[in-house]
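This report concerns only the one structure given below.
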Amino acid sequence: MIKTGIFKKPTIGPVYVSKTNLAGDQQADLKNHGGEHKAVYGFSSEHYFYWRKVLENNEMKLGIFGENLTISNFNESSLHIGDQLSIGQCILEVTQPRIPCYKLSIAVGNKNMPKMFVKNFATGVYMRVIDEGYIETGDDVNRVKLGKFQLSVKSLFRSFFDKNYEESQSIMEKAILIPELSLEWKEKLSARLSTLNSGSQER
């Protein structure tokens, strides 16, 4: 038996957002999901047009990717690590990209989905909660603070996963200096940079 909290349903009315999650949202794998830096997962509504076509599923409903918030007019290219968004009573801060796991395959019914998701470099954003409060469907989403380094979530994700991306090392070196970046990703980047640097010295 597999325990997962990836299956989401649309809500009606206000939902309280705390420092660790949304009221009524159950996270089965607390090692890889939830916590301060991954309290809220946002995914762009515009991505659904692409995935409905690729997966040949016009009935794909919002929330199928496991997101807490399906957001319009913001995506991984326009959001930066350290950006703060105002939604309802809440202020949320972008902390890291999402790395998909096999449970995404279960949700969409395609065993290749995690690899396809990664290759698209558009996996959604995790956010920490700066100000707790209530949000609800239809609330405006406004950027109230721009991350100081203005490093997009998509660029960071691509720098880690795209071996042919020429700017990878410089982006990772920049990212690791961003205070708002989650500890999980700082550790990932440190390990990757250490490997790259040791490889350069050997040559």
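Ligands are numbered from 1 in the order shown, chains are lettered A, B, ... in the order of the structure tokens, and residues start at 1 in each chain.
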>> Which residues are close to region 54-65 of chain A, i.e. within 12 Å by only C-alpha atoms, leaving aside same-chain residues fewer than 3 positions away? Reply as a PyMOL selection string.
In response: chain A and resi 5-11+41-51+68-72+98-114+116-117+120+122-125
Polymer residues at most 9 Å from Gln84 (chain A), only C-alpha atoms, same-chain spacing of 2 or more positions, as a PyMOL selection string: chain A and resi 80-82+86+91-94+127+130+142-147
Pull C-alpha atoms from the residues just selected and write them as a compact mmCIF listing (two decimals), in the first residue's frame.
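Listing of part.txt after writing:
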# COMPACT_ATOMS: atom_id res chain seq x y z
CA HIS A 80 12.23 34.14 -8.16
CA ILE A 81 13.67 32.60 -5.03
CA GLY A 82 12.84 35.06 -2.26
CA SER A 86 0.21 38.28 -1.09
CA ILE A 91 2.18 36.40 2.66
CA LEU A 92 4.03 33.47 1.06
CA GLU A 93 7.73 33.38 0.16
CA VAL A 94 9.22 31.32 -2.68
CA MET A 127 6.72 28.47 -0.48
CA ILE A 130 5.51 34.53 6.33
CA ASN A 142 0.18 39.95 -5.99
CA ARG A 143 3.94 40.06 -5.74
CA VAL A 144 4.76 42.33 -2.82
CA LYS A 145 8.50 41.72 -2.72
CA LEU A 146 10.99 40.84 -5.43
CA GLY A 147 13.79 38.46 -4.48
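As for CA of Val17 (chain A) and CA of Gln89 (chain A), they are spaced 9.1 Å apart.
The strand (DSSP E) portion of region 108-198 of chain A consists of A:Val125, A:Tyr126, A:Met127, A:Arg128, A:Val129, A:Ile130, A:Asp131, A:Gly133, A:Tyr134, A:Ile135, A:Val141, A:Asn142, A:Arg143, A:Val144, A:Lys145, with states taken from DSSP on the backbone.
The smallest atom-to-atom distance between Glu76 (chain A) and any of A:Gly13, A:Pro97, A:Gly24, A:Gly138, using only C-alpha atoms, is found for A:Pro97.
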Run DSSP on the backbone and tell me which residues of region 17-85 of chain A come out as helix (DSSP H, G or I); list them as an mmCIF file with N, CA and C atoms, in the first residue's frame.
data_model
loop_
_atom_site.group_PDB
_atom_site.id
_atom_site.type_symbol
_atom_site.label_atom_id
_atom_site.label_comp_id
_atom_site.auth_asym_id
_atom_site.auth_seq_id
_atom_site.Cartn_x
_atom_site.Cartn_y
_atom_site.Cartn_z
ATOM 1 N N GLU A 36 8.493 23.789 7.127
ATOM 2 C CA GLU A 36 8.547 25.246 6.987
ATOM 3 C C GLU A 36 8.805 25.702 5.554
ATOM 4 N N HIS A 37 9.769 25.081 4.876
ATOM 5 C CA HIS A 37 10.172 25.552 3.549
ATOM 6 C C HIS A 37 9.294 25.016 2.426
ATOM 7 N N LYS A 38 8.446 24.036 2.722
ATOM 8 C CA LYS A 38 7.560 23.459 1.711
ATOM 9 C C LYS A 38 6.130 23.386 2.244
ATOM 10 N N HIS A 47 0.027 25.880 -17.204
ATOM 11 C CA HIS A 47 0.689 24.614 -17.558
ATOM 12 C C HIS A 47 -0.306 23.526 -17.955
ATOM 13 N N TYR A 48 -1.541 23.658 -17.516
ATOM 14 C CA TYR A 48 -2.528 22.613 -17.807
ATOM 15 C C TYR A 48 -2.828 22.489 -19.298
ATOM 16 N N PHE A 49 -2.741 23.592 -20.031
ATOM 17 C CA PHE A 49 -2.970 23.522 -21.476
ATOM 18 C C PHE A 49 -1.933 22.599 -22.129
ATOM 19 N N TYR A 50 -0.694 22.742 -21.692
ATOM 20 C CA TYR A 50 0.395 21.924 -22.237
ATOM 21 C C TYR A 50 0.216 20.449 -21.879
ATOM 22 N N TRP A 51 -0.029 20.163 -20.605
ATOM 23 C CA TRP A 51 -0.093 18.771 -20.161
ATOM 24 C C TRP A 51 -1.350 18.060 -20.641
ATOM 25 N N ARG A 52 -2.439 18.774 -20.791
ATOM 26 C CA ARG A 52 -3.644 18.140 -21.343
ATOM 27 C C ARG A 52 -3.393 17.677 -22.771
ATOM 28 N N LYS A 53 -2.611 18.465 -23.513
ATOM 29 C CA LYS A 53 -2.286 18.097 -24.890
ATOM 30 C C LYS A 53 -1.284 16.953 -24.938
ATOM 31 N N VAL A 54 -0.210 17.060 -24.157
ATOM 32 C CA VAL A 54 0.843 16.042 -24.159
ATOM 33 C C VAL A 54 0.328 14.697 -23.672
#
Inset, instruction - Point out the residue among A:Cys90, A:Asn75, A:Asn21, A:Leu151 with the least atom-to-atom distance to Tyr134 (chain A), counting only C-alpha atoms. - result: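 Closest to Tyr134 (chain A) of all the choices is A:Cys90.
Take the candidates A:Ile87, A:Ala175, A:Leu183, A:Ala39 and check each one against Phe157 (chain A) using only C-alpha atoms; the shortest distance goes to A:Ala175.
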For Glu184 (chain A), please output as a PDB file with N, CA and C atoms, in the first residue's frame all residues within 10 Å (counting only C-alpha atoms; exclusion window: fewer than 5 positions along the same chain).
ATOM      1  N   ASN A  32       9.842  14.229   2.747  1.00  0.00           N
ATOM      2  CA  ASN A  32      10.022  14.872   1.459  1.00  0.00           C
ATOM      3  C   ASN A  32       8.985  15.952   1.157  1.00  0.00           C
ATOM      4  N   HIS A  37       9.769  25.081   4.876  1.00  0.00           N
ATOM      5  CA  HIS A  37      10.172  25.552   3.549  1.00  0.00           C
ATOM      6  C   HIS A  37       9.294  25.016   2.426  1.00  0.00           C
ATOM      7  N   THR A  95      10.654  29.497  -1.938  1.00  0.00           N
ATOM      8  CA  THR A  95      11.851  28.925  -1.322  1.00  0.00           C
ATOM      9  C   THR A  95      12.625  27.953  -2.194  1.00  0.00           C
ATOM     10  N   GLN A  96      11.944  27.257  -3.138  1.00  0.00           N
ATOM     11  CA  GLN A  96      12.641  26.240  -3.924  1.00  0.00           C
ATOM     12  C   GLN A  96      11.734  25.682  -5.018  1.00  0.00           C
ATOM     13  N   LEU A 189      22.925  21.866  -3.829  1.00  0.00           N
ATOM     14  CA  LEU A 189      23.812  22.676  -4.653  1.00  0.00           C
ATOM     15  C   LEU A 189      25.263  22.575  -4.178  1.00  0.00           C
TER      16      LEU A 189
END
* What lies within 9 Å of Ile12 (chain A) using only C-alpha atoms, ignoring chain neighbours under 2 positions off, as number ranges by chain? -> A: 10, 14-15, 136-137
Could you write out that same residue set with N, CA and C atoms as a PDB file, in the first residue's frame?
ATOM      1  N   PRO A  10     -10.717  20.600  -5.232  1.00  0.00           N
ATOM      2  CA  PRO A  10     -11.015  22.025  -5.086  1.00  0.00           C
ATOM      3  C   PRO A  10     -11.784  22.289  -3.800  1.00  0.00           C
ATOM      4  N   PRO A  14     -13.142  29.812   2.724  1.00  0.00           N
ATOM      5  CA  PRO A  14     -11.811  30.118   3.237  1.00  0.00           C
ATOM      6  C   PRO A  14     -11.102  28.874   3.780  1.00  0.00           C
ATOM      7  N   VAL A  15      -9.787  28.826   3.572  1.00  0.00           N
ATOM      8  CA  VAL A  15      -8.931  27.765   4.107  1.00  0.00           C
ATOM      9  C   VAL A  15      -7.788  28.430   4.877  1.00  0.00           C
ATOM     10  N   GLU A 136      -8.806  31.910  -0.151  1.00  0.00           N
ATOM     11  CA  GLU A 136      -9.877  31.157  -0.795  1.00  0.00           C
ATOM     12  C   GLU A 136      -9.822  31.332  -2.302  1.00  0.00           C
ATOM     13  N   THR A 137     -10.501  30.449  -2.993  1.00  0.00           N
ATOM     14  CA  THR A 137     -10.537  30.481  -4.451  1.00  0.00           C
ATOM     15  C   THR A 137     -10.988  31.853  -4.934  1.00  0.00           C
TER      16      THR A 137
END
